[in-house]
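*Asks:* Below you will find the structure I want to go over with you.
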Amino acid sequence: MTDTRTATAPAAGALPPDVPLALDATDVTVSFPGRGRSMRTVIDGIGIGLERSQVTVLLGESGSGKTVFARSITGMAPHGARVTGSSLFDGRDLLSAPKTVLRGLHGSRIGSVPQDPNASLDPMRRIGSQIVETLLQHKAVAGRAAAKARAIELLDLVEIREPERVLRCYPHEVSGGMRQRIAIAIAVSCDPELVVADEPSSALDASVGVKIVELLDGLRTRLGTAILFITHDIGIAARVASADHDRVAVMLSGRIVELGRASTVLSRPLHPYTRALIAAEPSADVERGRLAVVSDELRGRRDWGPLVEIEPGHAVSSDVAAERDAGIDSASPLEGSTR
Ligand SMILES: Nc1ncnc2c1ncn2[C@@H]1O[C@H](COP(=O)(O)OP(=O)(O)OP(=O)(O)O)[C@@H](O)[C@H]1O
């Protein structure tokens, strides 16, 4: 089992130990039906503790399990998934909570910013009515007039001009960047304690990405929201996890292989996979999502050991830690590169 809570000492600037975690996931395994009667494990017995006011970035290549892990620990595993382990939110295990409880939590105390804003917006309904309905459904405000006023406030918050006009629009009448910001406005409309943002800026231009990062930063400062941010982009990871105690968890083949303060992991990575990811950081001439620098051998390995802390606030899989103790530098960043 890889338990990232026990592997990390409280980081500088983190909340004191008696402040409960916003979410506490332990030993989570997720499998999907495979060939015949077999099951294919895509998340392999990992855990994570999400602190209030802290950003945790899940970093890893496409297919490493970031989305499935984040969805599963918030009780929203994809259809057909078999999930074991536990994920506590306010004392309740989201992995076994009834659907009615999960529906009540999502949209109010847990906000989700999806990869594709179209997934959270109904194309047939005006933007205003979708925001107002969310606010009324979760009893975030009393009455329709208050909900409308709050909807305008929320669009202001995500820097949408002429909010009253936009509220009367259907989703297809506004730009993709605006739809993304509206999806964020809906996700944060009820002042959630936890926000899960799944690559919210991947399809957008850089200026919208920066605004999203600022917005999430404001949310954790203002409300103490815990943020789980999913990305494969090192640059975005560094920008989102900008506070001293923010963390990066590096995912590889359904496991967390390195975890620590963002500033440490991104500047002094220890795991060969993290090193390769950083070496593969997208540049102007490398198309995003096509980072072929991580070797297949590294990517295909499934036997990474559990995380062990090698210095305060920095943990790495036990096999890499053992090599380090033995004085073996496990890999130069580009070893095994296919580029
Ligand atoms: N509904 C599903 N049924 C079966 N397998 C799935 C399902 N959803 C995801 N998977 C598998 O789980 C693994 C992890 O996928 P996941 O989407 O979590 O990766 P990711 O790191 O988030 O990638 P991306 O950045 O592309 O979203 C992949 O091998 C994927 O094929």
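Just so we're on the same page: first chain in the structure tokens is A, next is B, and so on; residues restart at 1 for each chain, and ligands are numbered from 1 in the order they show up.
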Distance table requested - chain A against ligand 1, cut-off 10 Å, only C-alpha atoms and all ligand atoms: one row per qualifying residue with the closest atom pair and its distance in Å to one decimal, ordered by chain and rising residue number, as a Markdown table.

*Replies:*
| residue | atom | partner | partner_atom_place_in_ligand_line | distance |
| --- | --- | --- | --- | --- |
| A:Val30 | CA | ligand 1 | 12 (O) | 8.7 |
| A:Ser31 | CA | ligand 1 | 5 (N) | 7.9 |
| A:Phe32 | CA | ligand 1 | 4 (C) | 5.2 |
| A:Pro33 | CA | ligand 1 | 4 (C) | 7.1 |
| A:Gly34 | CA | ligand 1 | 4 (C) | 8.0 |
| A:Met39 | CA | ligand 1 | 4 (C) | 9.9 |
| A:Arg40 | CA | ligand 1 | 5 (N) | 8.0 |
| A:Thr41 | CA | ligand 1 | 12 (O) | 8.1 |
| A:Val42 | CA | ligand 1 | 12 (O) | 5.2 |
| A:Ile43 | CA | ligand 1 | 14 (C) | 7.6 |
| A:Leu58 | CA | ligand 1 | 21 (O) | 8.7 |
| A:Leu59 | CA | ligand 1 | 21 (O) | 8.1 |
| A:Gly60 | CA | ligand 1 | 21 (O) | 6.1 |
| A:Glu61 | CA | ligand 1 | 21 (O) | 5.7 |
| A:Ser62 | CA | ligand 1 | 23 (O) | 3.5 |
| A:Gly63 | CA | ligand 1 | 19 (O) | 3.4 |
| A:Ser64 | CA | ligand 1 | 21 (O) | 3.9 |
| A:Gly65 | CA | ligand 1 | 18 (O) | 3.3 |
| A:Lys66 | CA | ligand 1 | 22 (O) | 3.9 |
| A:Thr67 | CA | ligand 1 | 22 (O) | 3.6 |
| A:Val68 | CA | ligand 1 | 18 (O) | 3.7 |
| A:Phe69 | CA | ligand 1 | 18 (O) | 6.2 |
| A:Ala70 | CA | ligand 1 | 18 (O) | 8.0 |
| A:Arg71 | CA | ligand 1 | 18 (O) | 8.4 |
| A:Ser72 | CA | ligand 1 | 18 (O) | 9.6 |
| A:Ala77 | CA | ligand 1 | 1 (N) | 8.4 |
| A:Pro78 | CA | ligand 1 | 1 (N) | 5.1 |
| A:His79 | CA | ligand 1 | 1 (N) | 6.0 |
| A:Gly80 | CA | ligand 1 | 1 (N) | 6.6 |
| A:Ala81 | CA | ligand 1 | 3 (N) | 6.9 |
| A:Gln115 | CA | ligand 1 | 27 (O) | 8.2 |
| A:Asp198 | CA | ligand 1 | 27 (O) | 8.0 |
| A:Glu199 | CA | ligand 1 | 25 (O) | 7.6 |
| A:Ser202 | CA | ligand 1 | 25 (O) | 9.7 |
| A:Ile230 | CA | ligand 1 | 22 (O) | 7.7 |
| A:Thr231 | CA | ligand 1 | 25 (O) | 6.8 |
| A:His232 | CA | ligand 1 | 25 (O) | 6.4 |
| A:Asp233 | CA | ligand 1 | 25 (O) | 9.8 |
| A:Met251 | CA | ligand 1 | 21 (O) | 7.7 |
| A:Leu252 | CA | ligand 1 | 21 (O) | 8.3 |
| A:Ser253 | CA | ligand 1 | 14 (C) | 7.8 |
| A:Gly254 | CA | ligand 1 | 14 (C) | 7.1 |
| A:Gly289 | CA | ligand 1 | 26 (O) | 8.3 |

*Asks:* For A:Asp319, list every protein, DNA or RNA residue within 8 Å, evaluated using only C-alpha atoms, and leave out those in the same chain fewer than 2 positions away; present the list as a list in words.

*Replies:*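 Once the nearby chain positions are removed, what remains is Trp304, Gly305, Ser317, Ala321, Ala322 and Glu323 of chain A.
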
*Asks:* Select, from A:Gly45, A:Pro163, A:Gly75, A:Gly176, the residue with the minimum atom-to-atom distance to A:Arg92, counting only C-alpha atoms.

*Replies:*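 Nearest candidate to A:Arg92 out of A:Gly45, A:Pro163, A:Gly75, A:Gly176: A:Gly75.
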
*Asks:* Which residue gives the smallest distance to A:Ile48 among A:Val248, A:Leu219, A:Val265, A:Ala243, with only C-alpha atoms counted?

*Replies:*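 Result for the nearest residue to A:Ile48: A:Val248.
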
*Asks:* Enumerate, in order of chain and increasing residue number, the residues of stretch 171-204 of chain A with an atom no farther than 9 Å from stretch 133-157 of chain A, each with its shortest atom pair and distance in Å to one decimal, counting only C-alpha atoms, as JSON lines.

*Replies:*
{"residue": "A:Arg181", "atom": "CA", "partner": "A:Leu155", "partner_atom": "CA", "distance": 8.1}
{"residue": "A:Ile182", "atom": "CA", "partner": "A:Leu155", "partner_atom": "CA", "distance": 6.9}
{"residue": "A:Ala185", "atom": "CA", "partner": "A:Leu154", "partner_atom": "CA", "distance": 5.7}
{"residue": "A:Ile186", "atom": "CA", "partner": "A:Thr134", "partner_atom": "CA", "distance": 7.4}
{"residue": "A:Val188", "atom": "CA", "partner": "A:Leu154", "partner_atom": "CA", "distance": 8.4}
{"residue": "A:Ser189", "atom": "CA", "partner": "A:Leu154", "partner_atom": "CA", "distance": 6.8}
{"residue": "A:Cys190", "atom": "CA", "partner": "A:Ala140", "partner_atom": "CA", "distance": 5.7}
{"residue": "A:Asp191", "atom": "CA", "partner": "A:Ala140", "partner_atom": "CA", "distance": 8.6}

*Asks:* Between atom CA of A:Thr26 and atom CA of A:Gly260, measure the distance and give it in Å to one decimal.

*Replies:*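 Atom-to-atom, atom CA of A:Thr26 and atom CA of A:Gly260 are spaced 17.4 Å apart.
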
*Asks:* Let's see if you can do this: from backbone DSSP, list all strand (DSSP E) residues in stretch 108-327 of chain A, as a ChimeraX atom specification.

*Replies:* /A:110-113,194-198,226-231,247-252,255-261,307-311,314-317

*Asks:* What's around A:His106 at 9 Å? Count only C-alpha atoms, leave out sequence neighbours fewer than 5 positions away in its own chain, and write the answer as number ranges by chain.

*Replies:* A: 74, 101, 111-112, 187, 192

*Asks:* Let's have the selection written as a PDB file, in the first residue's frame, with C-alpha atoms.

*Replies:*
ATOM      1  CA  THR A  74     -14.638  11.671  -4.659  1.00  0.00           C
ATOM      2  CA  VAL A 101     -25.482  11.559  -0.430  1.00  0.00           C
ATOM      3  CA  GLY A 111     -16.838  21.223  -6.820  1.00  0.00           C
ATOM      4  CA  SER A 112     -15.595  19.648 -10.042  1.00  0.00           C
ATOM      5  CA  ALA A 187     -18.065  24.483  -9.604  1.00  0.00           C
ATOM      6  CA  PRO A 192     -16.916  24.169  -1.786  1.00  0.00           C
TER       7      PRO A 192
END

*Asks:* Figure out the distance between atom CA of A:Leu223 and atom CA of A:His314, please, to one decimal in Å.

*Replies:*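 Between atom CA of A:His314 and atom CA of A:Leu223 the gap is 26.7 Å.
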
*Asks:* For A:Glu258, which residue among A:Pro306, A:Gly128, A:Gly224, A:Gly235 is the nearest when counting only C-alpha atoms?

*Replies:*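 Looking at the shortest contact to A:Glu258, the residue is A:Pro306.
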
*Asks:* Please list as a ChimeraX atom specification every residue within 10 Å of A:Asn118, counting only C-alpha atoms and excluding residues in the same chain fewer than 2 positions away.

*Replies:* /A:114-116,120-123,171-172,176,179-180,183

*Asks:* Generate a file of the selected residues that holds all heavy atoms, formatted as a compact mmCIF listing (two decimals), in the first residue's frame.

*Replies:*
# COMPACT_ATOMS: atom_id res chain seq x y z
N PRO A 114 -14.51 20.16 -14.92
CA PRO A 114 -14.17 19.06 -15.83
C PRO A 114 -13.20 19.50 -16.91
O PRO A 114 -13.02 20.69 -17.17
CB PRO A 114 -15.52 18.70 -16.45
CG PRO A 114 -16.28 19.98 -16.42
CD PRO A 114 -15.79 20.77 -15.24
N GLN A 115 -12.57 18.49 -17.55
CA GLN A 115 -11.68 18.74 -18.69
C GLN A 115 -12.44 19.48 -19.77
O GLN A 115 -11.96 20.43 -20.35
CB GLN A 115 -11.24 17.39 -19.27
CG GLN A 115 -9.82 17.07 -19.01
CD GLN A 115 -9.48 15.62 -19.41
OE1 GLN A 115 -10.25 14.90 -20.04
NE2 GLN A 115 -8.30 15.23 -19.03
N ASP A 116 -13.64 19.02 -20.02
CA ASP A 116 -14.43 19.59 -21.10
C ASP A 116 -15.64 20.31 -20.49
O ASP A 116 -16.52 19.68 -19.92
CB ASP A 116 -14.90 18.42 -22.00
CG ASP A 116 -15.88 18.89 -23.05
OD1 ASP A 116 -16.05 20.12 -23.20
OD2 ASP A 116 -16.46 18.02 -23.72
N SER A 120 -20.28 19.76 -18.37
CA SER A 120 -21.04 20.19 -17.19
C SER A 120 -22.11 21.23 -17.54
O SER A 120 -22.81 21.71 -16.66
CB SER A 120 -20.10 20.73 -16.11
OG SER A 120 -19.47 21.89 -16.57
N LEU A 121 -22.20 21.58 -18.83
CA LEU A 121 -23.22 22.56 -19.21
C LEU A 121 -24.26 21.90 -20.11
O LEU A 121 -23.92 21.18 -21.05
CB LEU A 121 -22.57 23.73 -19.96
CG LEU A 121 -21.68 24.65 -19.12
CD1 LEU A 121 -20.94 25.64 -20.02
CD2 LEU A 121 -22.48 25.39 -18.07
N ASP A 122 -25.51 22.14 -19.81
CA ASP A 122 -26.59 21.61 -20.63
C ASP A 122 -26.79 22.54 -21.83
O ASP A 122 -27.10 23.72 -21.64
CB ASP A 122 -27.85 21.56 -19.74
CG ASP A 122 -29.06 21.00 -20.49
OD1 ASP A 122 -29.01 20.91 -21.73
OD2 ASP A 122 -30.05 20.66 -19.81
N PRO A 123 -26.60 22.02 -23.06
CA PRO A 123 -26.68 22.90 -24.24
C PRO A 123 -28.07 23.48 -24.46
O PRO A 123 -28.23 24.49 -25.14
CB PRO A 123 -26.29 21.96 -25.41
CG PRO A 123 -26.53 20.59 -24.91
CD PRO A 123 -26.33 20.62 -23.43
N PRO A 171 -25.19 27.98 -23.94
CA PRO A 171 -23.74 27.73 -23.96
C PRO A 171 -23.09 27.91 -25.34
O PRO A 171 -22.00 28.45 -25.44
CB PRO A 171 -23.63 26.28 -23.46
CG PRO A 171 -24.80 26.13 -22.54
CD PRO A 171 -25.91 26.93 -23.16
N HIS A 172 -23.79 27.51 -26.42
CA HIS A 172 -23.15 27.60 -27.74
C HIS A 172 -22.99 29.05 -28.21
O HIS A 172 -22.29 29.33 -29.18
CB HIS A 172 -23.93 26.79 -28.78
CG HIS A 172 -25.24 27.42 -29.17
ND1 HIS A 172 -26.41 27.11 -28.54
CD2 HIS A 172 -25.54 28.35 -30.12
CE1 HIS A 172 -27.39 27.82 -29.08
NE2 HIS A 172 -26.89 28.58 -30.04
N GLY A 176 -15.42 29.15 -26.22
CA GLY A 176 -14.96 28.01 -25.43
C GLY A 176 -14.33 28.46 -24.12
O GLY A 176 -14.55 27.87 -23.06
N ARG A 179 -17.04 29.40 -21.78
CA ARG A 179 -17.73 28.19 -21.25
C ARG A 179 -16.90 27.57 -20.12
O ARG A 179 -17.42 27.14 -19.12
CB ARG A 179 -17.94 27.16 -22.36
CG ARG A 179 -19.16 27.45 -23.20
CD ARG A 179 -19.61 26.19 -23.95
NE ARG A 179 -18.66 25.79 -24.96
CZ ARG A 179 -18.61 26.29 -26.19
NH1 ARG A 179 -19.48 27.19 -26.57
NH2 ARG A 179 -17.70 25.87 -27.05
N GLN A 180 -15.57 27.55 -20.33
CA GLN A 180 -14.71 26.97 -19.31
C GLN A 180 -14.82 27.78 -18.00
O GLN A 180 -14.93 27.22 -16.91
CB GLN A 180 -13.26 26.95 -19.81
CG GLN A 180 -12.27 26.30 -18.88
CD GLN A 180 -12.54 24.82 -18.65
OE1 GLN A 180 -13.28 24.47 -17.76
NE2 GLN A 180 -11.93 23.96 -19.46
N ALA A 183 -18.08 27.07 -16.33
CA ALA A 183 -18.04 25.76 -15.64
C ALA A 183 -17.34 25.92 -14.29
O ALA A 183 -17.75 25.33 -13.28
CB ALA A 183 -17.32 24.73 -16.50

*Asks:* Just how far from atom CA of A:Arg220 is atom CA of A:Arg52, in Å to one decimal?

*Replies:*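 If I compute the distance from atom CA of A:Arg52 to atom CA of A:Arg220, I get 7.7 Å.
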
*Asks:* If we count only C-alpha atoms and set the cut-off at 8 Å, which residues sit around A:Leu21, ignoring sequence neighbours fewer than 5 positions away in its own chain? Please answer as a list in words.

*Replies:*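 That gives Gly49, Leu50, Glu51 and Arg52 of chain A.
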
*Asks:* Since we have the selection now, will you write its residues out, keeping N, CA and C atoms, as an mmCIF file, in the first residue's frame?

*Replies:*
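File out.cif, as written:
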data_model
loop_
_atom_site.group_PDB
_atom_site.id
_atom_site.type_symbol
_atom_site.label_atom_id
_atom_site.label_comp_id
_atom_site.auth_asym_id
_atom_site.auth_seq_id
_atom_site.Cartn_x
_atom_site.Cartn_y
_atom_site.Cartn_z
ATOM 1 N N GLY A 49 -3.855 12.379 1.221
ATOM 2 C CA GLY A 49 -4.577 13.246 2.147
ATOM 3 C C GLY A 49 -4.557 14.657 1.598
ATOM 4 N N LEU A 50 -5.737 15.242 1.443
ATOM 5 C CA LEU A 50 -5.800 16.599 0.890
ATOM 6 C C LEU A 50 -6.082 17.581 2.019
ATOM 7 N N GLU A 51 -5.156 18.519 2.222
ATOM 8 C CA GLU A 51 -5.317 19.495 3.304
ATOM 9 C C GLU A 51 -6.080 20.709 2.824
ATOM 10 N N ARG A 52 -6.742 21.336 3.773
ATOM 11 C CA ARG A 52 -7.410 22.602 3.456
ATOM 12 C C ARG A 52 -6.360 23.650 3.079
#

*Asks:* Using only C-alpha atoms, which residue out of A:Leu228, A:Val213, A:Val57, A:Ala119 lies closest to A:Ser263?

*Replies:*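 Looking only at the distances to A:Ser263, the closest residue turns out to be A:Val57.
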
*Asks:* Residues within 12 Å of A:Leu94, please, as JSON, numbers by chain. Count only C-alpha atoms; anything in the same chain fewer than 2 positions from it doesn't count.

*Replies:* {"A": [23, 24, 25, 26, 28, 70, 71, 72, 73, 74, 75, 76, 77, 83, 84, 85, 86, 87, 88, 89, 90, 91, 92, 96, 97, 98, 99, 100, 101, 102, 103, 104, 105, 106, 110]}
